[in-house]
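Asker: Quick one, protein-v1.cif (mmCIF, C-alpha atoms and all ligand atoms; chains and numbers go by the auth columns):
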```
data_start
#
loop_
_atom_site.group_PDB
_atom_site.id
_atom_site.type_symbol
_atom_site.label_atom_id
_atom_site.label_comp_id
_atom_site.label_asym_id
_atom_site.label_seq_id
_atom_site.Cartn_x
_atom_site.Cartn_y
_atom_site.Cartn_z
_atom_site.B_iso_or_equiv
_atom_site.auth_seq_id
_atom_site.auth_asym_id
ATOM 1 C CA MET A 1 -12.170 4.707 -5.889 0.00 29 W
ATOM 2 C CA THR A 2 -14.873 5.519 -8.382 0.00 30 W
ATOM 3 C CA ASP A 3 -14.263 8.335 -10.830 0.00 31 W
ATOM 4 C CA ASP A 4 -16.838 10.455 -8.957 0.00 32 W
ATOM 5 C CA ARG A 5 -14.898 9.997 -5.732 0.00 33 W
ATOM 6 C CA ALA A 6 -11.653 10.860 -7.487 0.00 34 W
ATOM 7 C CA HIS A 7 -13.294 14.098 -8.623 0.00 35 W
ATOM 8 C CA THR A 8 -14.421 14.815 -5.062 0.00 36 W
ATOM 9 C CA ALA A 9 -10.903 14.191 -3.763 0.00 37 W
ATOM 10 C CA GLU A 10 -9.479 16.523 -6.378 0.00 38 W
ATOM 11 C CA LYS A 11 -11.936 19.229 -5.383 0.00 39 W
ATOM 12 C CA SER A 12 -11.051 18.790 -1.714 0.00 40 W
ATOM 13 C CA GLY A 13 -7.397 19.298 -2.545 0.00 41 W
ATOM 14 C CA THR A 14 -6.224 15.982 -1.107 0.00 42 W
ATOM 15 C CA ALA A 15 -5.950 14.138 -4.411 0.00 43 W
ATOM 16 C CA VAL A 16 -2.633 13.723 -6.186 0.00 44 W
ATOM 17 C CA ALA A 17 -2.755 14.732 -9.814 0.00 45 W
ATOM 18 C CA THR A 18 -0.285 12.064 -10.939 0.00 46 W
ATOM 19 C CA ALA A 19 -2.083 9.088 -9.432 0.00 47 W
ATOM 20 C CA MET A 20 -4.494 6.900 -11.335 0.00 48 W
ATOM 21 C CA ARG A 21 -8.239 6.641 -11.171 0.00 49 W
ATOM 22 C CA ALA A 22 -9.938 3.316 -10.529 0.00 50 W
ATOM 23 C CA THR A 23 -10.593 2.578 -14.185 0.00 51 W
ATOM 24 C CA ASP A 24 -6.974 3.406 -15.055 0.00 52 W
ATOM 25 C CA VAL A 25 -5.690 1.196 -12.206 0.00 53 W
ATOM 26 C CA ILE A 26 -7.787 -1.746 -13.364 0.00 54 W
ATOM 27 C CA ALA A 27 -6.683 -1.319 -16.995 0.00 55 W
ATOM 28 C CA ALA A 28 -3.016 -0.776 -16.115 0.00 56 W
ATOM 29 C CA TYR A 29 -2.755 -3.749 -13.753 0.00 57 W
ATOM 30 C CA ALA A 30 -4.589 -6.021 -16.204 0.00 58 W
ATOM 31 C CA ARG A 31 -1.522 -5.432 -18.396 0.00 59 W
ATOM 32 C CA TRP A 32 0.966 -5.767 -15.525 0.00 60 W
ATOM 33 C CA ALA A 33 -0.532 -8.898 -13.905 0.00 61 W
ATOM 34 C CA PRO A 34 1.072 -11.530 -16.201 0.00 62 W
ATOM 35 C CA ILE A 35 4.587 -10.090 -15.785 0.00 63 W
ATOM 36 C CA TYR A 36 4.380 -8.247 -12.462 0.00 64 W
ATOM 37 C CA ASP A 37 6.231 -10.829 -10.357 0.00 65 W
ATOM 38 C CA VAL A 38 9.076 -11.127 -12.850 0.00 66 W
ATOM 39 C CA VAL A 39 9.542 -7.354 -13.149 0.00 67 W
ATOM 40 C CA PHE A 40 8.913 -6.274 -9.544 0.00 68 W
ATOM 41 C CA GLY A 41 9.558 -9.476 -7.589 0.00 69 W
ATOM 42 C CA ARG A 42 13.243 -9.522 -6.808 0.00 70 W
ATOM 43 C CA ILE A 43 13.840 -5.747 -6.842 0.00 71 W
ATOM 44 C CA MET A 44 11.296 -5.136 -4.053 0.00 72 W
ATOM 45 C CA GLU A 45 11.743 -8.403 -2.169 0.00 73 W
ATOM 46 C CA SER A 46 13.932 -7.155 0.683 0.00 74 W
ATOM 47 C CA SER A 47 11.638 -4.213 1.420 0.00 75 W
ATOM 48 C CA ARG A 48 8.556 -6.437 1.501 0.00 76 W
ATOM 49 C CA ARG A 49 10.310 -8.759 3.936 0.00 77 W
ATOM 50 C CA ALA A 50 11.425 -5.813 6.073 0.00 78 W
ATOM 51 C CA ALA A 51 7.801 -4.688 6.328 0.00 79 W
ATOM 52 C CA VAL A 52 6.570 -8.101 7.452 0.00 80 W
ATOM 53 C CA ALA A 53 9.473 -8.368 9.915 0.00 81 W
ATOM 54 C CA ALA A 54 8.366 -5.047 11.447 0.00 82 W
ATOM 55 C CA LEU A 55 5.024 -6.501 12.606 0.00 83 W
ATOM 56 C CA PRO A 56 4.880 -6.447 16.407 0.00 84 W
ATOM 57 C CA PRO A 57 5.075 -9.973 17.919 0.00 85 W
ATOM 58 C CA ASP A 58 1.483 -9.819 19.190 0.00 86 W
ATOM 59 C CA THR A 59 0.053 -9.227 15.684 0.00 87 W
ATOM 60 C CA ARG A 60 -2.756 -11.652 14.921 0.00 88 W
ATOM 61 C CA ARG A 61 -4.754 -10.078 12.090 0.00 89 W
ATOM 62 C CA VAL A 62 -3.399 -8.034 9.170 0.00 90 W
ATOM 63 C CA LEU A 63 -5.115 -6.278 6.277 0.00 91 W
ATOM 64 C CA GLU A 64 -2.859 -5.965 3.256 0.00 92 W
ATOM 65 C CA VAL A 65 -4.118 -3.099 1.133 0.00 93 W
ATOM 66 C CA GLY A 66 -3.260 -3.335 -2.593 0.00 94 W
ATOM 67 C CA VAL A 67 -2.137 -6.937 -2.148 0.00 95 W
ATOM 68 C CA GLY A 68 -1.687 -7.300 -5.909 0.00 96 W
ATOM 69 C CA THR A 69 -0.462 -10.758 -6.973 0.00 97 W
ATOM 70 C CA GLY A 70 -0.035 -11.686 -3.308 0.00 98 W
ATOM 71 C CA ILE A 71 3.716 -11.717 -3.730 0.00 99 W
ATOM 72 C CA SER A 72 4.291 -10.910 -0.048 0.00 100 W
ATOM 73 C CA LEU A 73 1.794 -13.441 1.337 0.00 101 W
ATOM 74 C CA PRO A 74 4.311 -16.311 1.804 0.00 102 W
ATOM 75 C CA ASP A 75 6.443 -13.969 3.954 0.00 103 W
ATOM 76 C CA TYR A 76 3.893 -13.749 6.807 0.00 104 W
ATOM 77 C CA PRO A 77 4.317 -16.110 9.752 0.00 105 W
ATOM 78 C CA SER A 78 1.642 -18.809 9.763 0.00 106 W
ATOM 79 C CA SER A 79 0.368 -17.443 13.098 0.00 107 W
ATOM 80 C CA VAL A 80 -0.737 -14.198 11.406 0.00 108 W
ATOM 81 C CA ARG A 81 -4.114 -14.220 9.655 0.00 109 W
ATOM 82 C CA VAL A 82 -4.032 -12.074 6.526 0.00 110 W
ATOM 83 C CA THR A 83 -6.790 -10.515 4.429 0.00 111 W
ATOM 84 C CA GLY A 84 -5.798 -8.943 1.112 0.00 112 W
ATOM 85 C CA ILE A 85 -7.737 -6.388 -0.909 0.00 113 W
ATOM 86 C CA ASP A 86 -7.080 -4.840 -4.301 0.00 114 W
ATOM 87 C CA LEU A 87 -8.940 -3.025 -7.066 0.00 115 W
ATOM 88 C CA SER A 88 -7.533 -5.190 -9.856 0.00 116 W
ATOM 89 C CA PRO A 89 -9.300 -8.507 -10.561 0.00 117 W
ATOM 90 C CA ASP A 90 -6.358 -9.610 -12.710 0.00 118 W
ATOM 91 C CA MET A 91 -3.835 -9.094 -9.902 0.00 119 W
ATOM 92 C CA LEU A 92 -6.172 -10.813 -7.427 0.00 120 W
ATOM 93 C CA ALA A 93 -6.533 -13.826 -9.735 0.00 121 W
ATOM 94 C CA LYS A 94 -2.745 -14.261 -9.501 0.00 122 W
ATOM 95 C CA ALA A 95 -2.938 -13.940 -5.707 0.00 123 W
ATOM 96 C CA ARG A 96 -5.571 -16.680 -5.517 0.00 124 W
ATOM 97 C CA GLN A 97 -3.432 -18.981 -7.700 0.00 125 W
ATOM 98 C CA ARG A 98 -0.464 -18.380 -5.407 0.00 126 W
ATOM 99 C CA ILE A 99 -2.491 -19.090 -2.255 0.00 127 W
ATOM 100 C CA ALA A 100 -3.691 -22.396 -3.712 0.00 128 W
ATOM 101 C CA ALA A 101 -0.281 -23.393 -5.091 0.00 129 W
ATOM 102 C CA GLU A 102 1.555 -22.592 -1.857 0.00 130 W
ATOM 103 C CA LYS A 103 -1.278 -23.772 0.439 0.00 131 W
ATOM 104 C CA LEU A 104 -1.293 -20.530 2.438 0.00 132 W
ATOM 105 C CA THR A 105 -3.928 -21.499 4.980 0.00 133 W
ATOM 106 C CA ASN A 106 -3.415 -18.342 7.051 0.00 134 W
ATOM 107 C CA VAL A 107 -4.879 -16.138 4.271 0.00 135 W
ATOM 108 C CA GLU A 108 -8.443 -15.478 5.391 0.00 136 W
ATOM 109 C CA ALA A 109 -9.787 -13.700 2.328 0.00 137 W
ATOM 110 C CA ILE A 110 -8.799 -12.034 -0.944 0.00 138 W
ATOM 111 C CA LEU A 111 -11.322 -9.388 -1.916 0.00 139 W
ATOM 112 C CA GLU A 112 -11.893 -6.870 -4.673 0.00 140 W
ATOM 113 C CA MET A 113 -12.172 -3.574 -2.813 0.00 141 W
ATOM 114 C CA ASP A 114 -11.121 0.065 -2.947 0.00 142 W
ATOM 115 C CA ALA A 115 -8.496 1.053 -0.373 0.00 143 W
ATOM 116 C CA ALA A 116 -10.270 4.380 -0.057 0.00 144 W
ATOM 117 C CA ARG A 117 -13.505 2.686 1.019 0.00 145 W
ATOM 118 C CA LEU A 118 -12.704 -0.345 3.149 0.00 146 W
ATOM 119 C CA GLU A 119 -15.657 -2.582 3.882 0.00 147 W
ATOM 120 C CA PHE A 120 -14.514 -3.639 7.369 0.00 148 W
ATOM 121 C CA ALA A 121 -15.625 -2.686 10.855 0.00 149 W
ATOM 122 C CA ASP A 122 -13.682 -0.187 12.928 0.00 150 W
ATOM 123 C CA ASP A 123 -10.725 -1.675 14.872 0.00 151 W
ATOM 124 C CA ALA A 124 -11.028 -5.032 13.048 0.00 152 W
ATOM 125 C CA PHE A 125 -7.271 -5.514 12.467 0.00 153 W
ATOM 126 C CA ASP A 126 -4.020 -5.267 14.427 0.00 154 W
ATOM 127 C CA CYS A 127 -2.170 -3.907 11.422 0.00 155 W
ATOM 128 C CA ALA A 128 -2.727 -2.454 7.950 0.00 156 W
ATOM 129 C CA MET A 129 0.056 -3.068 5.452 0.00 157 W
ATOM 130 C CA ALA A 130 0.492 -0.971 2.294 0.00 158 W
ATOM 131 C CA MET A 131 3.349 -2.098 0.066 0.00 159 W
ATOM 132 C CA TYR A 132 3.945 0.126 -2.954 0.00 160 W
ATOM 133 C CA VAL A 133 0.387 1.401 -2.795 0.00 161 W
ATOM 134 C CA MET A 134 0.452 4.886 -1.255 0.00 162 W
ATOM 135 C CA THR A 135 2.148 6.261 -4.372 0.00 163 W
ATOM 136 C CA VAL A 136 -0.501 4.778 -6.675 0.00 164 W
ATOM 137 C CA VAL A 137 -3.795 5.763 -5.046 0.00 165 W
ATOM 138 C CA PRO A 138 -5.429 9.075 -6.000 0.00 166 W
ATOM 139 C CA ASP A 139 -5.992 10.185 -2.415 0.00 167 W
ATOM 140 C CA PRO A 140 -3.335 8.862 0.023 0.00 168 W
ATOM 141 C CA ALA A 141 -4.823 10.860 2.909 0.00 169 W
ATOM 142 C CA ARG A 142 -8.144 9.146 2.465 0.00 170 W
ATOM 143 C CA VAL A 143 -6.480 5.703 2.334 0.00 171 W
ATOM 144 C CA MET A 144 -4.517 6.492 5.524 0.00 172 W
ATOM 145 C CA SER A 145 -7.738 7.547 7.202 0.00 173 W
ATOM 146 C CA GLU A 146 -9.431 4.289 6.214 0.00 174 W
ATOM 147 C CA MET A 147 -6.484 2.184 7.403 0.00 175 W
ATOM 148 C CA ARG A 148 -6.490 4.074 10.701 0.00 176 W
ATOM 149 C CA ARG A 149 -10.217 3.388 11.103 0.00 177 W
ATOM 150 C CA ILE A 150 -9.950 -0.388 10.649 0.00 178 W
ATOM 151 C CA VAL A 151 -6.839 -0.792 12.866 0.00 179 W
ATOM 152 C CA ARG A 152 -7.366 -1.048 16.615 0.00 180 W
ATOM 153 C CA PRO A 153 -5.939 1.637 18.893 0.00 181 W
ATOM 154 C CA GLY A 154 -2.251 0.905 19.495 0.00 182 W
ATOM 155 C CA GLY A 155 -2.043 -1.128 16.280 0.00 183 W
ATOM 156 C CA ARG A 156 0.222 -0.391 13.327 0.00 184 W
ATOM 157 C CA ILE A 157 0.100 0.953 9.801 0.00 185 W
ATOM 158 C CA LEU A 158 3.166 -0.091 7.815 0.00 186 W
ATOM 159 C CA ALA A 159 3.815 1.539 4.452 0.00 187 W
ATOM 160 C CA VAL A 160 6.636 0.720 2.034 0.00 188 W
ATOM 161 C CA SER A 161 7.234 2.824 -1.070 0.00 189 W
ATOM 162 C CA HIS A 162 9.551 5.361 -2.542 0.00 190 W
ATOM 163 C CA PHE A 163 8.650 8.443 -0.503 0.00 191 W
ATOM 164 C CA ALA A 164 10.070 11.747 -1.615 0.00 192 W
ATOM 165 C CA PRO A 165 12.972 13.046 0.473 0.00 193 W
ATOM 166 C CA GLU A 166 12.003 16.047 2.593 0.00 194 W
ATOM 167 C CA SER A 167 14.656 18.357 1.164 0.00 195 W
ATOM 168 C CA GLY A 168 18.048 18.546 -0.493 0.00 196 W
ATOM 169 C CA VAL A 169 19.420 17.184 -3.727 0.00 197 W
ATOM 170 C CA ARG A 170 17.439 13.931 -3.607 0.00 198 W
ATOM 171 C CA ALA A 171 14.203 15.904 -3.220 0.00 199 W
ATOM 172 C CA ARG A 172 15.056 17.941 -6.324 0.00 200 W
ATOM 173 C CA ILE A 173 15.857 14.734 -8.249 0.00 201 W
ATOM 174 C CA GLY A 174 12.491 13.321 -7.110 0.00 202 W
ATOM 175 C CA GLY A 175 10.785 16.412 -8.488 0.00 203 W
ATOM 176 C CA LEU A 176 12.563 15.962 -11.808 0.00 204 W
ATOM 177 C CA LEU A 177 11.431 12.325 -11.958 0.00 205 W
ATOM 178 C CA SER A 178 7.805 13.311 -11.398 0.00 206 W
ATOM 179 C CA PRO A 179 6.862 13.289 -15.120 0.00 207 W
ATOM 180 C CA MET A 180 8.272 9.742 -15.392 0.00 208 W
ATOM 181 C CA GLY A 181 6.216 8.709 -12.387 0.00 209 W
ATOM 182 C CA ARG A 182 3.175 10.186 -14.079 0.00 210 W
ATOM 183 C CA LEU A 183 3.786 7.903 -17.069 0.00 211 W
ATOM 184 C CA LEU A 184 3.926 4.873 -14.767 0.00 212 W
ATOM 185 C CA GLY A 185 0.977 6.081 -12.707 0.00 213 W
ATOM 186 C CA TRP A 186 3.190 6.567 -9.647 0.00 214 W
ATOM 187 C CA ASN A 187 3.397 9.689 -7.601 0.00 215 W
ATOM 188 C CA THR A 188 7.004 10.556 -6.823 0.00 216 W
ATOM 189 C CA THR A 189 6.239 13.525 -4.605 0.00 217 W
ATOM 190 C CA ILE A 190 4.510 12.087 -1.495 0.00 218 W
ATOM 191 C CA ARG A 191 6.561 12.761 1.631 0.00 219 W
ATOM 192 C CA ALA A 192 6.575 10.777 4.870 0.00 220 W
ATOM 193 C CA SER A 193 5.914 14.031 6.719 0.00 221 W
ATOM 194 C CA THR A 194 2.666 14.528 4.775 0.00 222 W
ATOM 195 C CA LEU A 195 1.341 11.176 5.980 0.00 223 W
ATOM 196 C CA ALA A 196 2.734 11.698 9.496 0.00 224 W
ATOM 197 C CA ALA A 197 0.845 14.996 9.784 0.00 225 W
ATOM 198 C CA LEU A 198 -2.518 13.262 9.350 0.00 226 W
ATOM 199 C CA PRO A 199 -4.717 12.947 12.457 0.00 227 W
ATOM 200 C CA GLY A 200 -4.750 9.808 14.585 0.00 228 W
ATOM 201 C CA VAL A 201 -1.384 8.397 13.560 0.00 229 W
ATOM 202 C CA ARG A 202 2.073 8.744 15.065 0.00 230 W
ATOM 203 C CA LEU A 203 5.173 8.095 12.967 0.00 231 W
ATOM 204 C CA LEU A 204 7.368 5.688 14.949 0.00 232 W
ATOM 205 C CA SER A 205 10.098 5.189 12.360 0.00 233 W
ATOM 206 C CA ASN A 206 11.124 6.000 8.807 0.00 234 W
ATOM 207 C CA ARG A 207 13.889 3.691 7.679 0.00 235 W
ATOM 208 C CA ALA A 208 15.686 2.578 4.570 0.00 236 W
ATOM 209 C CA ALA A 209 14.167 -0.606 3.138 0.00 237 W
ATOM 210 C CA GLY A 210 15.913 -1.485 -0.085 0.00 238 W
ATOM 211 C CA LEU A 211 17.787 -0.023 -3.047 0.00 239 W
ATOM 212 C CA GLY A 212 20.142 1.965 -0.845 0.00 240 W
ATOM 213 C CA GLY A 213 17.359 3.815 0.912 0.00 241 W
ATOM 214 C CA PHE A 214 15.364 4.622 -2.221 0.00 242 W
ATOM 215 C CA TYR A 215 12.552 2.547 -0.729 0.00 243 W
ATOM 216 C CA ARG A 216 11.464 3.531 2.785 0.00 244 W
ATOM 217 C CA LEU A 217 9.483 1.682 5.429 0.00 245 W
ATOM 218 C CA LEU A 218 7.221 3.960 7.474 0.00 246 W
ATOM 219 C CA GLU A 219 5.871 2.575 10.733 0.00 247 W
ATOM 220 C CA PHE A 220 2.871 4.361 12.265 0.00 248 W
ATOM 221 C CA GLU A 221 1.099 3.716 15.537 0.00 249 W
ATOM 222 C CA VAL A 222 -2.646 4.240 15.471 0.00 250 W
ATOM 223 C CA ALA A 223 -3.723 6.614 18.203 0.00 251 W
ATOM 224 C CA LYS A 224 -7.442 7.143 18.581 0.00 252 W
ATOM 225 C CA VAL A 225 -9.074 9.441 21.121 0.00 253 W
HETATM 226 C C1 LIG B . 2.630 -1.359 -7.361 0.00 301 Q
HETATM 227 S S1 LIG B . 1.370 -2.543 -7.060 0.00 301 Q
HETATM 228 C C2 LIG B . 1.891 -3.228 -5.482 0.00 301 Q
HETATM 229 C C3 LIG B . 1.405 -4.646 -5.297 0.00 301 Q
HETATM 230 C C4 LIG B . 1.950 -5.352 -4.055 0.00 301 Q
HETATM 231 N N1 LIG B . 1.508 -4.680 -2.841 0.00 301 Q
HETATM 232 C C5 LIG B . 3.462 -5.471 -4.081 0.00 301 Q
HETATM 233 O O1 LIG B . 4.099 -5.281 -3.042 0.00 301 Q
HETATM 234 O O2 LIG B . 4.013 -5.773 -5.119 0.00 301 Q
HETATM 235 C C6 LIG B . 0.011 -1.507 -6.564 0.00 301 Q
HETATM 236 C C7 LIG B . -1.262 -2.303 -6.323 0.00 301 Q
HETATM 237 O O3 LIG B . -2.225 -1.406 -5.748 0.00 301 Q
HETATM 238 C C8 LIG B . -3.487 -1.680 -6.320 0.00 301 Q
HETATM 239 N N2 LIG B . -4.324 -0.476 -6.160 0.00 301 Q
HETATM 240 C C9 LIG B . -4.166 0.732 -6.744 0.00 301 Q
HETATM 241 N N3 LIG B . -5.121 1.584 -6.317 0.00 301 Q
HETATM 242 C C10 LIG B . -5.890 0.891 -5.439 0.00 301 Q
HETATM 243 C C11 LIG B . -7.034 1.219 -4.659 0.00 301 Q
HETATM 244 N N4 LIG B . -7.588 2.445 -4.689 0.00 301 Q
HETATM 245 N N5 LIG B . -7.564 0.271 -3.866 0.00 301 Q
HETATM 246 C C12 LIG B . -7.022 -0.980 -3.813 0.00 301 Q
HETATM 247 N N6 LIG B . -5.941 -1.346 -4.531 0.00 301 Q
HETATM 248 C C13 LIG B . -5.380 -0.430 -5.341 0.00 301 Q
HETATM 249 C C14 LIG B . -3.168 -2.042 -7.759 0.00 301 Q
HETATM 250 O O4 LIG B . -4.225 -2.746 -8.375 0.00 301 Q
HETATM 251 C C15 LIG B . -1.893 -2.878 -7.585 0.00 301 Q
HETATM 252 O O5 LIG B . -2.196 -4.243 -7.407 0.00 301 Q
#
```
Just dump the structure as structure tokens.
Answerer:
Amino acid sequence: MTDDRAHTAEKSGTAVATAMRATDVIAAYARWAPIYDVVFGRIMESSRRAAVAALPPDTRRVLEVGVGTGISLPDYPSSVRVTGIDLSPDMLAKARQRIAAEKLTNVEAILEMDAARLEFADDAFDCAMAMYVMTVVPDPARVMSEMRRIVRPGGRILAVSHFAPESGVRARIGGLLSPMGRLLGWNTTIRASTLAALPGVRLLSNRAAGLGGFYRLLEFEVAKV
């Protein structure tokens, strides 16, 4: 997302104040890229695998939004063709190295692109995957809308992240952690219900996916009229 578009999103009320703008994302992940896999590899591994395992058996073509270093790419079955996009050239460079080193022939393309402005035709994919991305982007509603557009009717959007609990003690703790999330560029306040309320998607499941339920896997069906 360009800074202008971030401003527009803020004006429209859909932006999240804690999330980063494109220039911040690129700068932050240039610093993270060399150490990302060591820091966030193992801790998020089971949730990434749970997301890939949730792909319906007839899935042929997946878009992974915010693919980062491509850490999840080896988890996809070889029958699934995967395209990955990300804003950060440094993270994508790592992804390309991994694809070459591990000879991942089912990866169709790795492209520098904004999740809020996907350069793909409508209904081009069976599934859009967003692993630890919805809490980073400035306008999650806009990213959901784009994923919905490029997924065929009846296809899936799968999102893994720490989503804020709807209520109770854990929700209050999430609120208290919000300033820490701001430091890391993560939004700790996005709820599954906020994404589920968006048009054209139906929440099929919201399940624990790692760290004792701290990470959640949301499974949406795309329903277009
Ligand atoms: C926390 S990392 C997650 C990476 C990977 N999906 C994983 O599971 O480890 C977030 C990624 O989202 C990317 N990102 C943030 N905002 C983006 C945007 N608007 N469009 C595309 N990618 C974005 C970042 O560059 C980074 O690679």
Asker: What separation in Å, quoted to one decimal, exists between CA of Pro166 in chain W and atom N4 of ligand LIG 301 (chain Q)?
Answerer: 7.1 Å
Asker: Compare W:Val108, W:Ala137, W:Val67, W:Val165 by their minimum atom-to-atom distance to ligand LIG 301 (chain Q), counting all atoms listed in the file, and give me the closest one.
Answerer: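 Looking only at the distances to ligand LIG 301 (chain Q), the closest residue turns out to be W:Val165.
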Asker: Compare W:Asp65, W:Glu249, W:Asp114, W:Asp103 by their minimum atom-to-atom distance to ligand LIG 301 (chain Q), counting only C-alpha atoms and all ligand atoms, and give me the closest one.
Answerer: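 Going through W:Asp65, W:Glu249, W:Asp114, W:Asp103 one by one, the smallest distance to ligand LIG 301 (chain Q) is for W:Asp114.
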Asker: Out of W:Tyr104, W:Tyr160, W:Tyr64, W:Phe148, which residue has the shortest atom-to-atom distance to ligand LIG 301 (chain Q) when counting all atoms listed in the file?
Answerer: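 Once distances to ligand LIG 301 (chain Q) are computed over all atoms listed in the file, the minimum belongs to W:Tyr160.
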Asker: Can you give me, as number ranges by chain, the residues this file yields under the PyMOL selection byres (((not hetatm)) within 7 of (chain Q and resi 301))?
Answerer: W: 29, 50, 53-54, 57, 68, 76, 93-100, 113-116, 119, 141-144, 158-161, 164-165
Asker: Quick one: everything within 8 Å of Leu132 in chain W, counting all atoms listed in the file, minus sequence neighbours fewer than 5 positions away in the same chain. Send it as JSON, numbers by chain.
Answerer: {"W": [101, 102, 127]}
Asker: Taking all atoms listed in the file into account, which of W:Ala149, W:Leu245, W:Val229, W:Ala61 comes nearest Met162 in chain W?
Answerer: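 Among the listed residues, W:Leu245 lies closest to Met162 in chain W.
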Asker: Reconstruct N, CA and C atoms of range 222-243 of chain W; output as a PDB file, keeping the file's coordinate frame.
Answerer:
```pdb
ATOM      1  N   THR W 222       4.063  14.243   5.142  1.00  0.00           N
ATOM      2  CA  THR W 222       2.666  14.528   4.775  1.00  0.00           C
ATOM      3  C   THR W 222       1.748  13.496   5.431  1.00  0.00           C
ATOM      4  N   LEU W 223       2.164  12.228   5.372  1.00  0.00           N
ATOM      5  CA  LEU W 223       1.341  11.176   5.980  1.00  0.00           C
ATOM      6  C   LEU W 223       1.393  11.279   7.506  1.00  0.00           C
ATOM      7  N   ALA W 224       2.572  11.614   8.032  1.00  0.00           N
ATOM      8  CA  ALA W 224       2.734  11.698   9.496  1.00  0.00           C
ATOM      9  C   ALA W 224       1.920  12.835  10.092  1.00  0.00           C
ATOM     10  N   ALA W 225       1.599  13.845   9.272  1.00  0.00           N
ATOM     11  CA  ALA W 225       0.845  14.996   9.784  1.00  0.00           C
ATOM     12  C   ALA W 225      -0.659  14.717   9.868  1.00  0.00           C
ATOM     13  N   LEU W 226      -1.083  13.575   9.348  1.00  0.00           N
ATOM     14  CA  LEU W 226      -2.518  13.262   9.350  1.00  0.00           C
ATOM     15  C   LEU W 226      -2.982  12.914  10.761  1.00  0.00           C
ATOM     16  N   PRO W 227      -4.250  13.185  11.085  1.00  0.00           N
ATOM     17  CA  PRO W 227      -4.717  12.947  12.457  1.00  0.00           C
ATOM     18  C   PRO W 227      -4.789  11.460  12.805  1.00  0.00           C
ATOM     19  N   GLY W 228      -4.529  11.160  14.077  1.00  0.00           N
ATOM     20  CA  GLY W 228      -4.750   9.808  14.585  1.00  0.00           C
ATOM     21  C   GLY W 228      -3.648   8.822  14.294  1.00  0.00           C
ATOM     22  N   VAL W 229      -2.526   9.302  13.754  1.00  0.00           N
ATOM     23  CA  VAL W 229      -1.384   8.397  13.560  1.00  0.00           C
ATOM     24  C   VAL W 229      -0.124   9.072  14.083  1.00  0.00           C
ATOM     25  N   ARG W 230       0.793   8.228  14.551  1.00  0.00           N
ATOM     26  CA  ARG W 230       2.073   8.744  15.065  1.00  0.00           C
ATOM     27  C   ARG W 230       3.189   8.003  14.353  1.00  0.00           C
ATOM     28  N   LEU W 231       4.068   8.737  13.695  1.00  0.00           N
ATOM     29  CA  LEU W 231       5.173   8.095  12.967  1.00  0.00           C
ATOM     30  C   LEU W 231       6.201   7.595  13.974  1.00  0.00           C
ATOM     31  N   LEU W 232       6.399   6.273  14.019  1.00  0.00           N
ATOM     32  CA  LEU W 232       7.368   5.688  14.949  1.00  0.00           C
ATOM     33  C   LEU W 232       8.746   5.604  14.324  1.00  0.00           C
ATOM     34  N   SER W 233       8.788   5.279  13.017  1.00  0.00           N
ATOM     35  CA  SER W 233      10.098   5.189  12.360  1.00  0.00           C
ATOM     36  C   SER W 233       9.951   5.357  10.856  1.00  0.00           C
ATOM     37  N   ASN W 234      11.040   5.805  10.260  1.00  0.00           N
ATOM     38  CA  ASN W 234      11.124   6.000   8.807  1.00  0.00           C
ATOM     39  C   ASN W 234      12.508   5.501   8.425  1.00  0.00           C
ATOM     40  N   ARG W 235      12.558   4.269   7.904  1.00  0.00           N
ATOM     41  CA  ARG W 235      13.889   3.691   7.679  1.00  0.00           C
ATOM     42  C   ARG W 235      14.074   3.188   6.258  1.00  0.00           C
ATOM     43  N   ALA W 236      15.346   3.098   5.885  1.00  0.00           N
ATOM     44  CA  ALA W 236      15.686   2.578   4.570  1.00  0.00           C
ATOM     45  C   ALA W 236      15.229   1.132   4.480  1.00  0.00           C
ATOM     46  N   ALA W 237      14.658   0.776   3.311  1.00  0.00           N
ATOM     47  CA  ALA W 237      14.167  -0.606   3.138  1.00  0.00           C
ATOM     48  C   ALA W 237      14.391  -1.045   1.695  1.00  0.00           C
ATOM     49  N   GLY W 238      15.615  -0.983   1.256  1.00  0.00           N
ATOM     50  CA  GLY W 238      15.913  -1.485  -0.085  1.00  0.00           C
ATOM     51  C   GLY W 238      16.437  -0.427  -1.025  1.00  0.00           C
ATOM     52  N   LEU W 239      17.198  -0.896  -2.020  1.00  0.00           N
ATOM     53  CA  LEU W 239      17.787  -0.023  -3.047  1.00  0.00           C
ATOM     54  C   LEU W 239      18.505   1.179  -2.432  1.00  0.00           C
ATOM     55  N   GLY W 240      19.320   0.907  -1.436  1.00  0.00           N
ATOM     56  CA  GLY W 240      20.142   1.965  -0.845  1.00  0.00           C
ATOM     57  C   GLY W 240      19.346   3.103  -0.236  1.00  0.00           C
ATOM     58  N   GLY W 241      18.166   2.785   0.269  1.00  0.00           N
ATOM     59  CA  GLY W 241      17.359   3.815   0.912  1.00  0.00           C
ATOM     60  C   GLY W 241      16.362   4.475  -0.020  1.00  0.00           C
ATOM     61  N   PHE W 242      16.361   4.074  -1.281  1.00  0.00           N
ATOM     62  CA  PHE W 242      15.364   4.622  -2.221  1.00  0.00           C
ATOM     63  C   PHE W 242      13.966   4.233  -1.750  1.00  0.00           C
ATOM     64  N   TYR W 243      13.818   2.966  -1.324  1.00  0.00           N
ATOM     65  CA  TYR W 243      12.552   2.547  -0.729  1.00  0.00           C
ATOM     66  C   TYR W 243      12.629   2.761   0.776  1.00  0.00           C
TER      67      TYR W 243
END
```
